[in-house]
Structure formats: C-alpha cells, structure tokens
file start16.pdb (PDB, C-alpha atoms)
MODEL        1
ATOM      1  CA  MET L  27       0.000   0.000   0.000  1.00  0.00           C
ATOM      2  CA  PHE L  28       2.552   2.624   1.139  1.00  0.00           C
ATOM      3  CA  GLY L  29       5.666   0.512   1.004  1.00  0.00           C
ATOM      4  CA  TRP L  30       8.422   0.688   3.571  1.00  0.00           C
ATOM      5  CA  ALA L  31       8.258   4.494   3.997  1.00  0.00           C
ATOM      6  CA  GLY L  32       4.531   4.354   4.719  1.00  0.00           C
ATOM      7  CA  PHE L  33       4.921   1.504   7.200  1.00  0.00           C
ATOM      8  CA  LYS L  34       7.744   3.350   8.980  1.00  0.00           C
ATOM      9  CA  TYR L  35       5.665   6.551   9.100  1.00  0.00           C
ATOM     10  CA  GLN L  36       2.654   4.713  10.595  1.00  0.00           C
ATOM     11  CA  THR L  37       4.878   2.975  13.135  1.00  0.00           C
ATOM     12  CA  ASP L  38       6.484   6.282  14.138  1.00  0.00           C
ATOM     13  CA  VAL L  39       3.026   7.850  14.555  1.00  0.00           C
ATOM     14  CA  ILE L  40       1.940   5.034  16.894  1.00  0.00           C
ATOM     15  CA  VAL L  41       5.189   5.300  18.890  1.00  0.00           C
ATOM     16  CA  ASN L  42       4.625   9.059  19.237  1.00  0.00           C
ATOM     17  CA  ILE L  43       1.026   8.506  20.381  1.00  0.00           C
ATOM     18  CA  HIS L  44       2.415   6.197  23.085  1.00  0.00           C
ATOM     19  CA  SER L  45       4.886   8.926  24.099  1.00  0.00           C
ATOM     20  CA  ILE L  46       2.191  11.619  24.264  1.00  0.00           C
ATOM     21  CA  LEU L  47      -0.384   9.467  26.074  1.00  0.00           C
ATOM     22  CA  HIS L  48       2.155   7.521  28.116  1.00  0.00           C
ATOM     23  CA  PHE L  49       0.098   7.706  31.319  1.00  0.00           C
ATOM     24  CA  VAL L  50      -3.304   6.852  29.850  1.00  0.00           C
ATOM     25  CA  PRO L  51      -4.229   3.484  31.390  1.00  0.00           C
ATOM     26  CA  GLU L  52      -4.609   0.513  29.047  1.00  0.00           C
ATOM     27  CA  LEU L  53      -3.385   2.589  26.089  1.00  0.00           C
ATOM     28  CA  LYS L  54      -2.335  -0.395  23.995  1.00  0.00           C
ATOM     29  CA  LYS L  55      -5.802  -1.988  24.314  1.00  0.00           C
ATOM     30  CA  LEU L  56      -7.450   1.365  23.749  1.00  0.00           C
ATOM     31  CA  LEU L  57      -5.608   1.978  20.485  1.00  0.00           C
ATOM     32  CA  LYS L  58      -6.898  -1.360  19.177  1.00  0.00           C
ATOM     33  CA  THR L  59     -10.416   0.085  19.357  1.00  0.00           C
ATOM     34  CA  PHE L  60      -9.506   2.526  16.590  1.00  0.00           C
ATOM     35  CA  PRO L  61      -9.345   0.339  13.473  1.00  0.00           C
ATOM     36  CA  LYS L  62      -8.876   3.327  11.153  1.00  0.00           C
ATOM     37  CA  LEU L  63      -5.956   4.804  13.098  1.00  0.00           C
ATOM     38  CA  LYS L  64      -3.324   3.612  10.620  1.00  0.00           C
ATOM     39  CA  GLN L  65      -5.418   4.832   7.701  1.00  0.00           C
ATOM     40  CA  ALA L  66      -5.756   8.229   9.382  1.00  0.00           C
ATOM     41  CA  ALA L  67      -1.972   8.274   9.888  1.00  0.00           C
ATOM     42  CA  GLY L  68      -1.631   7.652   6.152  1.00  0.00           C
ATOM     43  CA  ASP L  69      -3.898  10.628   5.483  1.00  0.00           C
ATOM     44  CA  PHE L  70      -1.622  12.826   7.583  1.00  0.00           C
ATOM     45  CA  ARG L  71       1.358  11.525   5.638  1.00  0.00           C
ATOM     46  CA  LYS L  72      -0.346  12.415   2.360  1.00  0.00           C
ATOM     47  CA  ALA L  73      -1.058  15.872   3.782  1.00  0.00           C
ATOM     48  CA  GLY L  74       2.662  16.342   4.462  1.00  0.00           C
ATOM     49  CA  ARG L  75       2.434  16.309   8.269  1.00  0.00           C
ATOM     50  CA  SER L  76       5.294  15.045  10.410  1.00  0.00           C
ATOM     51  CA  GLU L  77       4.847  11.891  12.464  1.00  0.00           C
ATOM     52  CA  LEU L  78       4.675  13.921  15.690  1.00  0.00           C
ATOM     53  CA  GLU L  79       2.032  16.262  14.244  1.00  0.00           C
ATOM     54  CA  ALA L  80      -0.071  13.276  13.172  1.00  0.00           C
ATOM     55  CA  ALA L  81       0.348  11.710  16.607  1.00  0.00           C
ATOM     56  CA  ALA L  82      -0.728  14.924  18.353  1.00  0.00           C
ATOM     57  CA  TYR L  83      -3.886  15.188  16.269  1.00  0.00           C
ATOM     58  CA  LEU L  84      -4.714  11.497  16.596  1.00  0.00           C
ATOM     59  CA  SER L  85      -4.091  11.653  20.350  1.00  0.00           C
ATOM     60  CA  VAL L  86      -6.906  14.207  20.542  1.00  0.00           C
ATOM     61  CA  VAL L  87      -9.217  11.713  18.838  1.00  0.00           C
ATOM     62  CA  VAL L  88      -8.205   9.027  21.346  1.00  0.00           C
ATOM     63  CA  LEU L  89      -8.647  11.395  24.298  1.00  0.00           C
ATOM     64  CA  GLU L  90     -12.062  12.473  23.073  1.00  0.00           C
ATOM     65  CA  SER L  91     -13.155   8.835  23.181  1.00  0.00           C
ATOM     66  CA  VAL L  92     -11.736   8.319  26.674  1.00  0.00           C
ATOM     67  CA  LEU L  93     -13.030  11.564  28.164  1.00  0.00           C
ATOM     68  CA  ALA L  94     -16.571  10.840  26.972  1.00  0.00           C
ATOM     69  CA  HIS L  95     -16.712   8.249  29.777  1.00  0.00           C
ATOM     70  CA  VAL L  96     -15.336  10.504  32.524  1.00  0.00           C
ATOM     71  CA  PRO L  97     -17.952  12.091  34.807  1.00  0.00           C
ATOM     72  CA  GLU L  98     -18.357  15.853  34.431  1.00  0.00           C
ATOM     73  CA  ASP L  99     -17.206  16.530  38.009  1.00  0.00           C
ATOM     74  CA  ASP L 100     -13.919  14.683  37.389  1.00  0.00           C
ATOM     75  CA  ARG L 101     -13.411  16.528  34.086  1.00  0.00           C
ATOM     76  CA  ASN L 102     -13.986  19.859  35.869  1.00  0.00           C
ATOM     77  CA  GLN L 103     -11.577  18.931  38.677  1.00  0.00           C
ATOM     78  CA  THR L 104      -8.968  17.852  36.129  1.00  0.00           C
ATOM     79  CA  LEU L 105      -9.312  21.141  34.287  1.00  0.00           C
ATOM     80  CA  ALA L 106      -8.918  23.120  37.522  1.00  0.00           C
ATOM     81  CA  GLU L 107      -5.839  21.082  38.466  1.00  0.00           C
ATOM     82  CA  LEU L 108      -4.280  21.579  35.023  1.00  0.00           C
ATOM     83  CA  PHE L 109      -4.746  25.346  35.232  1.00  0.00           C
ATOM     84  CA  ARG L 110      -2.703  25.335  38.467  1.00  0.00           C
ATOM     85  CA  PHE L 111       0.315  23.973  36.565  1.00  0.00           C
ATOM     86  CA  GLU L 112      -0.017  26.025  33.397  1.00  0.00           C
ATOM     87  CA  GLY L 113       2.256  28.807  34.687  1.00  0.00           C
ATOM     88  CA  ASP L 114       5.353  26.601  34.794  1.00  0.00           C
ATOM     89  CA  ARG L 115       4.597  25.141  31.341  1.00  0.00           C
ATOM     90  CA  PHE L 116       3.622  21.852  32.989  1.00  0.00           C
ATOM     91  CA  HIS L 117       7.206  21.169  34.123  1.00  0.00           C
ATOM     92  CA  TRP L 118       5.810  19.805  37.401  1.00  0.00           C
ATOM     93  CA  PHE L 119       4.750  16.639  35.580  1.00  0.00           C
ATOM     94  CA  ARG L 120       8.235  16.133  34.139  1.00  0.00           C
ATOM     95  CA  ASP L 121       9.742  16.779  37.559  1.00  0.00           C
ATOM     96  CA  GLN L 122       7.586  14.041  39.101  1.00  0.00           C
ATOM     97  CA  LEU L 123       9.131  11.564  36.687  1.00  0.00           C
ATOM     98  CA  ALA L 124      12.618  12.810  37.523  1.00  0.00           C
ATOM     99  CA  ASN L 125      11.853  12.317  41.225  1.00  0.00           C
ATOM    100  CA  GLU L 126      10.434   8.839  40.678  1.00  0.00           C
ATOM    101  CA  SER L 127      13.637   7.297  42.063  1.00  0.00           C
ATOM    102  CA  GLY L 128      12.260   7.906  45.548  1.00  0.00           C
ATOM    103  CA  THR L 129      14.479  10.828  46.461  1.00  0.00           C
ATOM    104  CA  ALA L 130      11.480  13.132  46.733  1.00  0.00           C
ATOM    105  CA  SER L 131       7.816  12.594  47.345  1.00  0.00           C
ATOM    106  CA  ILE L 132       4.991  14.058  45.366  1.00  0.00           C
ATOM    107  CA  SER L 133       3.904  17.028  47.436  1.00  0.00           C
ATOM    108  CA  THR L 134       0.746  17.703  45.448  1.00  0.00           C
ATOM    109  CA  GLU L 135      -1.894  15.093  44.787  1.00  0.00           C
ATOM    110  CA  VAL L 136      -3.695  15.171  41.464  1.00  0.00           C
ATOM    111  CA  LEU L 137      -6.175  12.927  39.725  1.00  0.00           C
ATOM    112  CA  PRO L 138      -4.619  10.262  37.472  1.00  0.00           C
ATOM    113  CA  LEU L 139      -6.353  11.949  34.529  1.00  0.00           C
ATOM    114  CA  THR L 140      -4.685  15.241  35.440  1.00  0.00           C
ATOM    115  CA  PHE L 141      -1.311  13.513  35.496  1.00  0.00           C
ATOM    116  CA  ALA L 142      -1.903  11.847  32.113  1.00  0.00           C
ATOM    117  CA  LEU L 143      -3.021  15.086  30.445  1.00  0.00           C
ATOM    118  CA  GLY L 144      -0.455  17.265  32.214  1.00  0.00           C
ATOM    119  CA  PHE L 145       2.331  15.006  31.016  1.00  0.00           C
ATOM    120  CA  ALA L 146       0.926  15.118  27.459  1.00  0.00           C
ATOM    121  CA  PHE L 147       0.830  18.932  27.637  1.00  0.00           C
ATOM    122  CA  TRP L 148       4.419  19.053  28.922  1.00  0.00           C
ATOM    123  CA  TYR L 149       5.658  16.537  26.332  1.00  0.00           C
ATOM    124  CA  LEU L 150       4.180  18.417  23.383  1.00  0.00           C
ATOM    125  CA  GLY L 151       5.252  21.799  24.796  1.00  0.00           C
ATOM    126  CA  HIS L 152       8.781  20.458  25.162  1.00  0.00           C
ATOM    127  CA  SER L 153       8.614  19.244  21.561  1.00  0.00           C
ATOM    128  CA  VAL L 154       7.719  22.791  20.482  1.00  0.00           C
ATOM    129  CA  ARG L 155      10.660  24.219  22.424  1.00  0.00           C
ATOM    130  CA  GLU L 156      12.939  21.708  20.679  1.00  0.00           C
ATOM    131  CA  ASN L 157      11.496  22.657  17.267  1.00  0.00           C
ATOM    132  CA  ARG L 158      10.076  19.180  16.709  1.00  0.00           C
ATOM    133  CA  LEU L 159       6.454  20.351  16.621  1.00  0.00           C
ATOM    134  CA  PRO L 160       4.883  23.547  15.273  1.00  0.00           C
ATOM    135  CA  GLU L 161       3.454  25.704  18.046  1.00  0.00           C
ATOM    136  CA  MET L 162       0.139  25.881  16.168  1.00  0.00           C
ATOM    137  CA  VAL L 163      -0.298  22.106  16.522  1.00  0.00           C
ATOM    138  CA  TYR L 164       0.429  22.348  20.257  1.00  0.00           C
ATOM    139  CA  ARG L 165      -2.102  25.159  20.692  1.00  0.00           C
ATOM    140  CA  GLU L 166      -4.727  23.176  18.763  1.00  0.00           C
ATOM    141  CA  PHE L 167      -4.028  20.160  20.993  1.00  0.00           C
ATOM    142  CA  LEU L 168      -4.441  22.257  24.153  1.00  0.00           C
ATOM    143  CA  THR L 169      -7.573  23.958  22.844  1.00  0.00           C
ATOM    144  CA  ASP L 170      -9.187  20.691  21.816  1.00  0.00           C
ATOM    145  CA  VAL L 171      -8.362  18.846  25.051  1.00  0.00           C
ATOM    146  CA  VAL L 172      -9.554  21.729  27.237  1.00  0.00           C
ATOM    147  CA  GLY L 173     -12.692  21.917  25.104  1.00  0.00           C
ATOM    148  CA  ILE L 174     -13.301  18.190  25.508  1.00  0.00           C
ATOM    149  CA  LEU L 175     -12.931  18.562  29.288  1.00  0.00           C
ATOM    150  CA  GLN L 176     -15.595  21.286  29.065  1.00  0.00           C
ATOM    151  CA  GLY L 177     -17.917  18.951  27.150  1.00  0.00           C
ATOM    152  CA  LYS L 178     -17.243  20.288  23.652  1.00  0.00           C
ATOM    153  CA  THR L 179     -16.331  18.322  20.532  1.00  0.00           C
ATOM    154  CA  ALA L 180     -12.763  18.318  19.231  1.00  0.00           C
ATOM    155  CA  THR L 181     -12.152  20.060  15.931  1.00  0.00           C
ATOM    156  CA  VAL L 182      -9.522  17.587  14.678  1.00  0.00           C
ATOM    157  CA  GLY L 183     -11.932  14.653  14.531  1.00  0.00           C
ATOM    158  CA  ASP L 184     -13.836  16.316  11.702  1.00  0.00           C
ATOM    159  CA  GLN L 185     -10.723  16.473   9.540  1.00  0.00           C
ATOM    160  CA  PHE L 186      -9.188  13.067  10.263  1.00  0.00           C
ATOM    161  CA  PRO L 187     -11.581  10.637  11.921  1.00  0.00           C
ATOM    162  CA  ALA L 188      -9.855   7.584  13.334  1.00  0.00           C
TER     163      ALA L 188
ENDMDL
END

call {"tool": "encode", "arguments": {"input": "start16.pdb", "output": "structure tokens"}}
result
Amino acid sequence: MFGWAGFKYQTDVIVNIHSILHFVPELKKLLKTFPKLKQAAGDFRKAGRSELEAAAYLSVVVLESVLAHVPEDDRNQTLAELFRFEGDRFHWFRDQLANESGTASISTEVLPLTFALGFAFWYLGHSVRENRLPEMVYREFLTDVVGILQGKTATVGDQFPA
C-alpha cells in the first residue's frame, strides 16, 4: 500500500502517540479500538504532516473517546488542576518523573487523569521548544483537550476521523 516508507511513518506515529499518552491506562488496548488509526496516519502523511504532528492530532481523537466516559465533576476537577500547573509550562509533571527514584515525594496530589493530560501537555510543549512540533499544533491540541474537558467536541476529529 505505502511501502516501507509508509509503514515506517505509521509505526512512528503510533510510537509518538504512546509517548504523548504515556500515562493513559490501558493505552495499547485502547488503540486497538480505533481500526482506522493507521489509515488516518496515512492521510496525515499524504497531507505532508510530520509523524509527531499526526500523533498529536490522533491523540486528541483518542482522548475524546476516553473523556466521553469521565464524569463531568472529574473533568472539571482535572481542568482546575491543570490550570494550576499552566504557569510553569507543565514542568511539574516532568519533575515528578525525575523524582520517581524515591528521592522526593509528590507534594501535590492530582487525579490520574490530570497527570496523564499534564504530562501530554508538557511533552508536546517540550517538543515545540525543541522545534520538533509547530506551536500551532500544540495550541490546537491544548484547545481541543480543554474543550473536551468542558464537554465540547474536538475540531480535529472532523478532519481526520480515526
């Protein structure tokens, strides 16, 4: 279908989705519920998007599916918790991983969903700072995820349904 380059692109997209959504429980099983994910990745390739851009957009589609099952109160609490960490560009989530060795304890408790999304926000923001991802894609990711937490529909799903 695509040949080696297409297969490599699709594989890189899936690896990047795993990096972005690293802390989403049961991610591997969850991704299997999206049979058109590889086809959507191919559409991004045809559109000239990088693997990380495709992964960011497709991660929104995955998150929209997950967050549809989260009660509104938990979504609201997650949103409030995320806003607390916005000022430091979500570095707190990275720092928790650095401290995982047991040398420091987590001084702030957050919902697991907050941790999963906060890490995704930090990871993509870091990718922007390293010039691996256009800032526009990061802003669209943030806007869509915040919108989903508020009960809105993501805009990326209209363009590239998985």

call {"tool": "atom_distance", "arguments": {"input": "start16.pdb", "atom1": "CA of Thr179 (chain L)", "atom2": "CA of Ala80 (chain L)"}}
result
18.5 Å

call {"tool": "atom_distance", "arguments": {"input": "start16.pdb", "atom1": "CA of Phe33 (chain L)", "atom2": "CA of Ser76 (chain L)"}}
result
13.9 Å

call {"tool": "residues_around", "arguments": {"input": "start16.pdb", "residues": "region 89-102 of chain L", "least_positions_apart": "5", "cutoff": "8 Å", "atoms": "only C-alpha atoms", "output": "mmCIF file with C-alpha atoms, keeping the file's coordinate frame"}}
result
data_model
loop_
_atom_site.group_PDB
_atom_site.id
_atom_site.type_symbol
_atom_site.label_atom_id
_atom_site.label_comp_id
_atom_site.auth_asym_id
_atom_site.auth_seq_id
_atom_site.Cartn_x
_atom_site.Cartn_y
_atom_site.Cartn_z
ATOM 1 C CA VAL L 171 -8.362 18.846 25.051
ATOM 2 C CA ILE L 174 -13.301 18.190 25.508
ATOM 3 C CA LEU L 175 -12.931 18.562 29.288
ATOM 4 C CA GLN L 176 -15.595 21.286 29.065
ATOM 5 C CA GLY L 177 -17.917 18.951 27.150
ATOM 6 C CA THR L 179 -16.331 18.322 20.532
ATOM 7 C CA ALA L 180 -12.763 18.318 19.231
#

call {"tool": "atom_distance", "arguments": {"input": "start16.pdb", "atom1": "CA of Val87 (chain L)", "atom2": "CA of Arg71 (chain L)"}}
result
16.9 Å

call {"tool": "closest_atom_pairs", "arguments": {"input": "start16.pdb", "of": "region 66-161 of chain L", "to": "region 41-48 of chain L", "cutoff": "8 Å", "atoms": "all atoms listed in the file", "output": "CSV"}}
result
residue,atom,partner,partner_atom,distance
L:Glu77,CA,L:Asn42,CA,7.3
L:Leu78,CA,L:Asn42,CA,6.0
L:Ala81,CA,L:Ile43,CA,5.0
L:Ala82,CA,L:Ile43,CA,7.0
L:Leu84,CA,L:Ile43,CA,7.5
L:Ser85,CA,L:Ile43,CA,6.0
L:Ala142,CA,L:Leu47,CA,6.7
L:Leu143,CA,L:Leu47,CA,7.6
L:Phe145,CA,L:Ile46,CA,7.6
L:Ala146,CA,L:Ile46,CA,4.9
L:Tyr149,CA,L:Ile46,CA,6.4
L:Leu150,CA,L:Ile46,CA,7.1

call {"tool": "residues_around", "arguments": {"input": "start16.pdb", "residues": "Val136 (chain L)", "least_positions_apart": "3", "cutoff": "12 Å", "atoms": "only C-alpha atoms", "output": "list in words"}}
result
Asp100, Gln103, Thr104, Leu105, Ala106, Glu107, Leu108, Phe109, Arg110, Phe111, Trp118, Phe119, Gln122, Ile132, Ser133, Leu139, Thr140, Phe141, Ala142, Leu143 and Gly144 of chain L

call {"tool": "residues_around", "arguments": {"input": "start16.pdb", "residues": "Glu79 (chain L)", "least_positions_apart": "6", "cutoff": "8 Å", "atoms": "all atoms listed in the file", "output": "list of chain:residue names"}}
result
L:Leu159, L:Pro160, L:Val163

call {"tool": "closest_residue", "arguments": {"input": "start16.pdb", "among": "L:Leu168, L:Val154, L:Val182, L:Val88", "to": "Leu56 (chain L)", "atoms": "only C-alpha atoms"}}
result
L:Val88

call {"tool": "closest_residue", "arguments": {"input": "start16.pdb", "among": "L:Arg75, L:Arg120, L:Arg115, L:Lys178", "to": "Val39 (chain L)", "atoms": "only C-alpha atoms"}}
result
L:Arg75

call {"tool": "closest_residue", "arguments": {"input": "start16.pdb", "among": "L:Glu52, L:Pro61, L:Ala67, L:Leu123", "to": "Thr37 (chain L)", "atoms": "all atoms listed in the file"}}
result
L:Ala67
